[in-house]
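Have a look at work-v3.csv; it's CSV, C-alpha atoms and all ligand atoms:
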chain,number,residue,atom,x,y,z
A,1,MET,CA,-14.4,-92.1,-145.8
A,2,SER,CA,-16.8,-93.6,-148.3
A,3,ASN,CA,-19.7,-91.6,-149.4
A,4,ASN,CA,-23.0,-93.3,-149.9
A,5,PRO,CA,-24.4,-91.8,-153.1
A,6,SER,CA,-28.0,-92.7,-152.2
A,7,THR,CA,-27.9,-90.4,-149.2
A,8,LEU,CA,-28.3,-86.8,-150.1
A,9,PRO,CA,-27.6,-84.0,-147.7
A,10,ASP,CA,-30.8,-82.9,-146.0
A,11,ASP,CA,-30.7,-79.5,-147.6
A,12,HIS,CA,-30.0,-80.7,-151.1
A,13,GLU,CA,-33.3,-79.4,-152.5
A,14,SER,CA,-32.5,-75.8,-151.6
A,15,PHE,CA,-29.2,-76.0,-153.4
A,16,ALA,CA,-30.1,-77.9,-156.6
A,17,GLU,CA,-31.4,-74.8,-158.3
A,18,LEU,CA,-28.1,-73.0,-157.6
A,19,ALA,CA,-26.0,-75.4,-159.7
A,20,ALA,CA,-26.7,-73.6,-163.0
A,21,GLY,CA,-25.9,-70.2,-161.5
A,22,TRP,CA,-22.7,-71.6,-160.1
A,23,ALA,CA,-21.7,-73.0,-163.5
A,24,LEU,CA,-22.5,-69.7,-165.1
A,25,TYR,CA,-20.6,-67.8,-162.4
A,26,ALA,CA,-23.8,-65.9,-161.8
A,27,LEU,CA,-24.5,-66.4,-158.1
A,28,ASP,CA,-24.4,-63.5,-155.7
A,29,ALA,CA,-21.7,-63.7,-153.0
A,30,GLN,CA,-24.1,-65.2,-150.4
A,31,ASP,CA,-25.4,-68.0,-152.7
A,32,ARG,CA,-21.9,-68.7,-154.0
A,33,ALA,CA,-20.5,-69.1,-150.5
A,34,ALA,CA,-23.4,-71.3,-149.5
A,35,PHE,CA,-23.1,-73.5,-152.6
A,36,ALA,CA,-19.4,-73.8,-152.2
A,37,LEU,CA,-19.9,-75.4,-148.9
A,38,HIS,CA,-22.6,-77.8,-150.2
A,39,LEU,CA,-21.0,-78.8,-153.5
A,40,PRO,CA,-18.1,-81.0,-152.2
A,41,ILE,CA,-20.5,-83.1,-150.1
A,42,CYS,CA,-23.2,-83.6,-152.7
A,43,PRO,CA,-22.5,-85.8,-155.8
A,44,PRO,CA,-25.8,-84.9,-157.5
A,45,CYS,CA,-24.9,-81.2,-157.4
A,46,GLN,CA,-21.4,-82.0,-158.7
A,47,GLU,CA,-23.0,-83.9,-161.6
A,48,ALA,CA,-25.4,-81.0,-162.3
A,49,VAL,CA,-22.5,-78.5,-162.2
A,50,ALA,CA,-20.5,-80.6,-164.6
A,51,GLU,CA,-23.5,-80.9,-167.0
A,52,PHE,CA,-24.3,-77.2,-166.9
A,53,THR,CA,-20.6,-76.3,-167.4
A,54,GLU,CA,-20.3,-78.7,-170.3
A,55,ALA,CA,-23.3,-77.2,-171.9
A,56,ILE,CA,-22.1,-73.6,-171.7
A,57,SER,CA,-18.5,-74.1,-172.4
A,58,GLY,CA,-18.2,-76.4,-175.4
A,59,PHE,CA,-15.4,-78.1,-173.5
A,60,ALA,CA,-17.3,-81.4,-173.7
A,61,ALA,CA,-16.9,-81.4,-177.5
A,62,GLN,CA,-13.3,-82.3,-177.0
A,63,ILE,CA,-13.8,-85.1,-174.5
A,64,PRO,CA,-17.3,-86.2,-175.2
A,65,ASP,CA,-17.6,-89.1,-172.7
A,66,VAL,CA,-15.9,-87.6,-169.7
A,67,ALA,CA,-17.6,-85.5,-167.1
A,68,PRO,CA,-14.8,-83.4,-165.7
A,69,PRO,CA,-14.5,-83.2,-161.9
A,70,PRO,CA,-15.4,-79.9,-160.3
A,71,GLN,CA,-11.7,-79.2,-159.8
A,72,VAL,CA,-11.2,-78.8,-163.5
A,73,TRP,CA,-13.5,-75.7,-163.5
A,74,GLU,CA,-11.5,-74.0,-160.8
A,75,ARG,CA,-8.4,-74.4,-163.0
A,76,ILE,CA,-10.3,-73.0,-166.0
A,77,ARG,CA,-11.6,-70.0,-164.0
A,78,ALA,CA,-8.1,-69.5,-162.8
A,79,VAL,CA,-6.6,-69.6,-166.3
A,80,ALA,CA,-9.4,-67.2,-167.5
A,81,LEU,CA,-8.6,-64.8,-164.6
A,82,GLU,CA,-4.9,-65.1,-165.0
A,83,SER,CA,-4.9,-64.5,-168.7
A,84,ALA,CA,-6.6,-61.1,-168.3
A,85,PRO,CA,-3.9,-58.4,-168.8
A,86,ASP,CA,-4.8,-56.5,-165.6
A,87,ALA,CA,-5.1,-59.6,-163.4
A,88,THR,CA,-3.3,-59.7,-160.1
A,89,SER,CA,-1.7,-62.8,-158.5
A,90,VAL,CA,-1.1,-62.8,-154.8
A,91,ARG,CA,1.2,-65.5,-153.4
A,92,LEU,CA,0.0,-67.3,-150.2
A,93,ALA,CA,2.7,-68.5,-147.8
A,94,SER,CA,2.5,-70.6,-144.7
A,95,SER,CA,4.2,-69.5,-141.5
A,96,ASP,CA,7.5,-71.0,-142.6
A,97,GLY,CA,7.4,-68.9,-145.7
A,98,SER,CA,6.8,-71.7,-148.2
A,99,THR,CA,4.3,-71.1,-151.0
A,100,VAL,CA,1.0,-72.9,-150.4
A,101,GLY,CA,-1.2,-71.2,-153.0
A,102,ARG,CA,-2.3,-68.1,-154.8
A,103,VAL,CA,-5.2,-65.8,-155.1
A,104,LEU,CA,-6.0,-64.6,-158.6
A,105,VAL,CA,-7.9,-61.4,-158.9
A,106,HIS,CA,-9.5,-59.8,-161.9
A,107,GLY,CA,-11.8,-56.9,-161.2
A,108,GLN,CA,-14.1,-58.1,-158.5
A,109,HIS,CA,-13.6,-61.8,-159.3
A,110,LEU,CA,-11.2,-64.0,-157.5
A,111,GLN,CA,-10.1,-67.6,-157.5
A,112,VAL,CA,-8.0,-69.4,-154.9
A,113,LEU,CA,-5.5,-72.0,-156.1
A,114,ALA,CA,-3.7,-74.4,-153.7
A,115,GLU,CA,-0.1,-75.5,-154.0
A,116,GLY,CA,0.5,-77.6,-151.0
A,117,LEU,CA,-2.3,-77.1,-148.6
A,118,PRO,CA,-3.3,-80.4,-147.0
A,119,ARG,CA,-6.6,-82.0,-147.9
A,120,ASN,CA,-9.5,-81.1,-145.5
A,121,ARG,CA,-12.2,-83.6,-144.6
A,122,VAL,CA,-15.1,-81.9,-146.3
A,123,ARG,CA,-17.8,-83.0,-143.9
A,124,LYS,CA,-15.9,-81.7,-140.9
A,125,ALA,CA,-13.9,-78.7,-141.9
A,126,THR,CA,-13.4,-76.1,-144.5
A,127,TYR,CA,-10.8,-73.5,-145.6
A,128,VAL,CA,-11.9,-69.9,-145.7
A,129,LEU,CA,-10.2,-67.0,-147.7
A,130,TRP,CA,-10.2,-63.6,-145.9
A,131,SER,CA,-9.3,-60.1,-147.0
A,132,LEU,CA,-7.5,-57.9,-144.5
A,133,PRO,CA,-8.2,-54.2,-145.1
A,134,HIS,CA,-5.8,-51.4,-144.5
A,135,GLY,CA,-6.4,-49.5,-141.3
A,136,GLU,CA,-6.1,-50.3,-137.7
A,137,GLY,CA,-8.8,-52.3,-136.2
A,138,ALA,CA,-10.6,-53.0,-139.5
A,139,PRO,CA,-11.9,-56.6,-139.2
A,140,PRO,CA,-11.0,-59.3,-141.7
A,141,ARG,CA,-13.7,-60.1,-144.3
A,142,ALA,CA,-14.6,-63.6,-145.2
A,143,LEU,CA,-14.5,-63.9,-149.0
A,144,THR,CA,-15.1,-67.5,-149.9
A,145,PRO,CA,-14.9,-71.0,-148.4
A,146,PHE,CA,-13.0,-73.7,-150.3
A,147,ASP,CA,-11.9,-77.3,-150.0
A,148,VAL,CA,-8.7,-79.0,-150.9
A,149,ASP,CA,-9.0,-82.5,-152.4
A,150,GLU,CA,-6.7,-85.5,-152.0
A,151,ARG,CA,-4.5,-84.3,-155.0
A,152,GLY,CA,-4.1,-80.9,-153.5
A,153,ALA,CA,-6.6,-79.2,-155.9
A,154,VAL,CA,-9.0,-76.5,-154.7
A,155,ILE,CA,-12.8,-77.2,-154.9
A,156,GLY,CA,-14.7,-74.0,-154.9
A,157,GLY,CA,-12.7,-70.9,-153.9
A,158,ALA,CA,-14.4,-68.6,-156.4
A,159,GLY,CA,-15.6,-65.3,-154.9
A,160,GLU,CA,-16.0,-61.6,-155.1
A,161,LEU,CA,-13.7,-59.1,-153.5
A,162,GLY,CA,-16.5,-56.8,-152.3
A,163,ALA,CA,-14.0,-53.9,-152.2
A,164,GLU,CA,-11.3,-52.3,-154.2
A,165,LEU,CA,-8.1,-54.4,-154.3
A,166,ALA,CA,-6.2,-51.2,-153.3
A,167,SER,CA,-8.1,-51.2,-150.0
A,168,ILE,CA,-6.9,-54.7,-149.2
A,169,SER,CA,-3.5,-55.1,-147.5
A,170,ALA,CA,-3.4,-58.9,-147.5
A,171,PHE,CA,-5.2,-62.1,-148.0
A,172,ALA,CA,-5.3,-64.9,-145.4
A,173,VAL,CA,-6.5,-68.5,-145.4
A,174,SER,CA,-8.0,-70.0,-142.2
A,175,PHE,CA,-8.8,-73.6,-141.4
A,176,GLU,CA,-12.2,-73.9,-139.8
A,177,ARG,CA,-13.9,-76.8,-138.0
A,178,GLY,CA,-17.4,-77.4,-139.3
A,179,ARG,CA,-19.0,-76.1,-142.5
A,180,VAL,CA,-19.7,-72.5,-141.8
A,181,MET,CA,-17.7,-69.3,-142.4
A,182,PRO,CA,-17.1,-67.8,-138.9
A,183,LYS,CA,-17.2,-64.0,-138.1
A,184,ALA,CA,-13.4,-64.1,-137.6
A,185,PRO,CA,-10.7,-66.5,-138.7
A,186,SER,CA,-10.0,-69.3,-136.2
A,187,LYS,CA,-6.7,-70.7,-137.3
A,188,VAL,CA,-4.7,-68.8,-140.0
A,189,VAL,CA,-2.7,-71.2,-142.1
A,190,ALA,CA,-1.5,-69.0,-144.8
A,191,SER,CA,-1.3,-65.3,-145.9
A,192,GLY,CA,0.0,-63.1,-148.5
A,193,ALA,CA,0.5,-59.3,-148.9
A,194,VAL,CA,-1.1,-57.5,-151.8
A,195,ALA,CA,1.9,-56.1,-153.7
A,196,GLY,CA,1.7,-52.4,-154.5
A,197,SER,CA,-1.3,-52.0,-152.2
A,198,GLY,CA,-1.2,-48.5,-150.7
A,199,GLY,CA,-1.6,-47.5,-147.1
B,201,ZN,ZN,-27.0,-80.9,-153.6
Taking this structure as input, can you express it in the form of structure tokens?
Ligand SMILES: [Zn+2]
Amino acid sequence: MSNNPSTLPDDHESFAELAAGWALYALDAQDRAAFALHLPICPPCQEAVAEFTEAISGFAAQIPDVAPPPQVWERIRAVALESAPDATSVRLASSDGSTVGRVLVHGQHLQVLAEGLPRNRVRKATYVLWSLPHGEGAPPRALTPFDVDERGAVIGGAGELGAELASISAFAVSFERGRVMPKAPSKVVASGAVAGSGG
């Protein structure tokens, strides 16, 4: 399970320039999803994101010698979304009904939080968040990939709804082999209905 830091993913060069946009929450949905898949397996990009985020947040002033791990920024984004007065929190439950996470939504922005999803092996598998629209036969829509680390924290998991929340009946989380977002969920491991959603 050890990573060799001297070995970069082959496609690192094409991602390095996205790190600043990621830290600034400024990537479009396609770049965000691609970078979310690359970040967990690329220590240099993790460092770059940490540096950019420090630079733009002022957070580093409080802990000058510590580069926070990427998971910290998922929590900060989640807190920022949750503190908005019109934010929505959707509980994600596994098939036995136990809570395994939440989706925080504010406007078009969303952030996934895990509360009991098992760690995935980031080189071999990924989680994907889906929205399930109202209406029969309407296909699920892949929103963002994310990973869960050994402490159960989400890495990535920031995305855009791409639709009105009222048009979404539920969110679902799938577990996918490989590092791509498929056209349809393979193995759904959690889901949660959007409360007050019409239809
Ligand atoms: Zn990289």
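Note that the spacing between CA of Ala125 (chain A) and CA of Arg179 (chain A) amounts to 5.8 Å.
Nearest-residue note for ligand ZN 201 (chain B): choosing from A:Ala153, A:Leu18, A:Cys42, A:Leu24, the minimum distance belongs to A:Cys42, counting all atoms listed in the file.
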Q) Counting only C-alpha atoms, which residues come within 9 Å of (-8.1, -72.5, -146.3), with the point read in the file's coordinates, and could you list them as a PyMOL selection string? A) chain A and resi 114+117+120+126-129+145-148+172-176+188-190
Q: May I have the residues within 8 Å of ligand ZN 201 (chain B), computed using all atoms listed in the file, as a count of residues only?
A: 16
**Q.** Computed interatomic separation between CA of Leu92 (chain A) and CA of Ser167 (chain A) (Å)
**A.** 18.0 Å
Q: Show which residues sit within 9 Å of Glu74 (chain A), as JSON, numbers by chain. Count only C-alpha atoms, and ignore same-chain residues fewer than 3 positions away.
A: {"A": [70, 71, 77, 78, 79, 111, 112, 113, 153, 154, 155, 156, 157, 158]}
Q. Hey, which of A:Phe35, A:Arg123, A:Gln30, A:Pro118 ends up closest to Glu17 (chain A)? Count all atoms listed in the file.
A.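 The answer is A:Phe35, which sits nearest to Glu17 (chain A).
Closest approach to Leu37 (chain A) among A:Ala166, A:Ala193, A:Leu132, A:Met181 is made by A:Met181 (distances from all atoms listed in the file).
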Q) Please, what distance in Å, to one decimal, runs between CA of Glu164 (chain A) and CA of Thr53 (chain A)? A)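 If I compute the distance from CA of Glu164 (chain A) to CA of Thr53 (chain A), I get 28.9 Å.
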(Q) For a quick check of understanding, using all atoms listed in the file, which of A:Val49, A:His106, A:Tyr25, A:Arg177 has the smallest distance to Val90 (chain A)? (A)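 Nearest to Val90 (chain A): A:His106.
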Generate the missing atoms of region 80-112 of chain A up to N, CA and C atoms and report them as a compact mmCIF listing (two decimals), in the frame of the given file.
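The resulting file, rebuild-v7.txt, is reproduced below:
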# COMPACT_ATOMS: atom_id res chain seq x y z
N ALA A 80 -8.64 -68.33 -166.86
CA ALA A 80 -9.40 -67.20 -167.50
C ALA A 80 -9.01 -65.91 -166.74
N LEU A 81 -8.95 -65.97 -165.40
CA LEU A 81 -8.60 -64.80 -164.60
C LEU A 81 -7.17 -64.36 -164.90
N GLU A 82 -6.28 -65.35 -164.91
CA GLU A 82 -4.90 -65.10 -165.00
C GLU A 82 -4.50 -64.49 -166.38
N SER A 83 -5.26 -64.91 -167.40
CA SER A 83 -4.90 -64.50 -168.70
C SER A 83 -5.40 -63.04 -169.02
N ALA A 84 -6.21 -62.49 -168.13
CA ALA A 84 -6.60 -61.10 -168.30
C ALA A 84 -5.38 -60.21 -168.04
N PRO A 85 -5.18 -59.22 -168.90
CA PRO A 85 -3.90 -58.40 -168.80
C PRO A 85 -3.79 -57.67 -167.50
N ASP A 86 -4.91 -57.31 -166.88
CA ASP A 86 -4.80 -56.50 -165.60
C ASP A 86 -5.11 -57.39 -164.41
N ALA A 87 -4.91 -58.70 -164.54
CA ALA A 87 -5.10 -59.60 -163.40
C ALA A 87 -3.99 -59.46 -162.39
N THR A 88 -4.29 -59.77 -161.14
CA THR A 88 -3.30 -59.70 -160.10
C THR A 88 -3.20 -61.11 -159.45
N SER A 89 -1.97 -61.55 -159.19
CA SER A 89 -1.70 -62.80 -158.50
C SER A 89 -1.04 -62.55 -157.19
N VAL A 90 -1.65 -63.01 -156.12
CA VAL A 90 -1.10 -62.80 -154.80
C VAL A 90 -0.64 -64.15 -154.22
N ARG A 91 0.63 -64.25 -153.89
CA ARG A 91 1.20 -65.50 -153.40
C ARG A 91 0.73 -65.70 -151.90
N LEU A 92 0.32 -66.92 -151.57
CA LEU A 92 0.00 -67.30 -150.20
C LEU A 92 1.08 -68.14 -149.63
N ALA A 93 1.58 -67.75 -148.46
CA ALA A 93 2.70 -68.50 -147.80
C ALA A 93 2.26 -68.96 -146.45
N SER A 94 2.75 -70.13 -146.07
CA SER A 94 2.50 -70.60 -144.70
C SER A 94 3.46 -69.90 -143.75
N SER A 95 3.37 -70.23 -142.47
CA SER A 95 4.20 -69.50 -141.50
C SER A 95 5.66 -69.70 -141.67
N ASP A 96 6.05 -70.80 -142.31
CA ASP A 96 7.50 -71.00 -142.60
C ASP A 96 7.95 -70.38 -143.88
N GLY A 97 7.06 -69.67 -144.53
CA GLY A 97 7.40 -68.90 -145.70
C GLY A 97 7.27 -69.70 -147.04
N SER A 98 6.91 -70.97 -146.95
CA SER A 98 6.80 -71.70 -148.20
C SER A 98 5.44 -71.41 -148.87
N THR A 99 5.46 -71.42 -150.20
CA THR A 99 4.30 -71.10 -151.00
C THR A 99 3.26 -72.25 -150.87
N VAL A 100 2.03 -71.90 -150.54
CA VAL A 100 1.00 -72.90 -150.40
C VAL A 100 -0.21 -72.63 -151.34
N GLY A 101 -0.13 -71.51 -152.07
CA GLY A 101 -1.20 -71.20 -153.00
C GLY A 101 -1.16 -69.81 -153.51
N ARG A 102 -2.19 -69.44 -154.27
CA ARG A 102 -2.30 -68.10 -154.80
C ARG A 102 -3.72 -67.66 -154.85
N VAL A 103 -3.90 -66.35 -154.83
CA VAL A 103 -5.20 -65.80 -155.10
C VAL A 103 -5.10 -64.98 -156.38
N LEU A 104 -5.92 -65.36 -157.36
CA LEU A 104 -6.00 -64.60 -158.60
C LEU A 104 -7.15 -63.68 -158.58
N VAL A 105 -6.88 -62.42 -158.92
CA VAL A 105 -7.90 -61.40 -158.90
C VAL A 105 -8.00 -60.70 -160.19
N HIS A 106 -9.21 -60.58 -160.70
CA HIS A 106 -9.50 -59.80 -161.90
C HIS A 106 -10.73 -58.98 -161.65
N GLY A 107 -10.61 -57.66 -161.58
CA GLY A 107 -11.80 -56.90 -161.20
C GLY A 107 -12.28 -57.29 -159.85
N GLN A 108 -13.54 -57.66 -159.77
CA GLN A 108 -14.10 -58.10 -158.50
C GLN A 108 -14.02 -59.63 -158.33
N HIS A 109 -13.65 -60.34 -159.40
CA HIS A 109 -13.60 -61.80 -159.30
C HIS A 109 -12.33 -62.31 -158.75
N LEU A 110 -12.42 -63.36 -157.97
CA LEU A 110 -11.20 -64.00 -157.50
C LEU A 110 -11.36 -65.50 -157.49
N GLN A 111 -10.21 -66.16 -157.54
CA GLN A 111 -10.10 -67.60 -157.50
C GLN A 111 -8.93 -68.01 -156.68
N VAL A 112 -9.14 -68.91 -155.72
CA VAL A 112 -8.00 -69.40 -154.90
C VAL A 112 -7.45 -70.66 -155.61
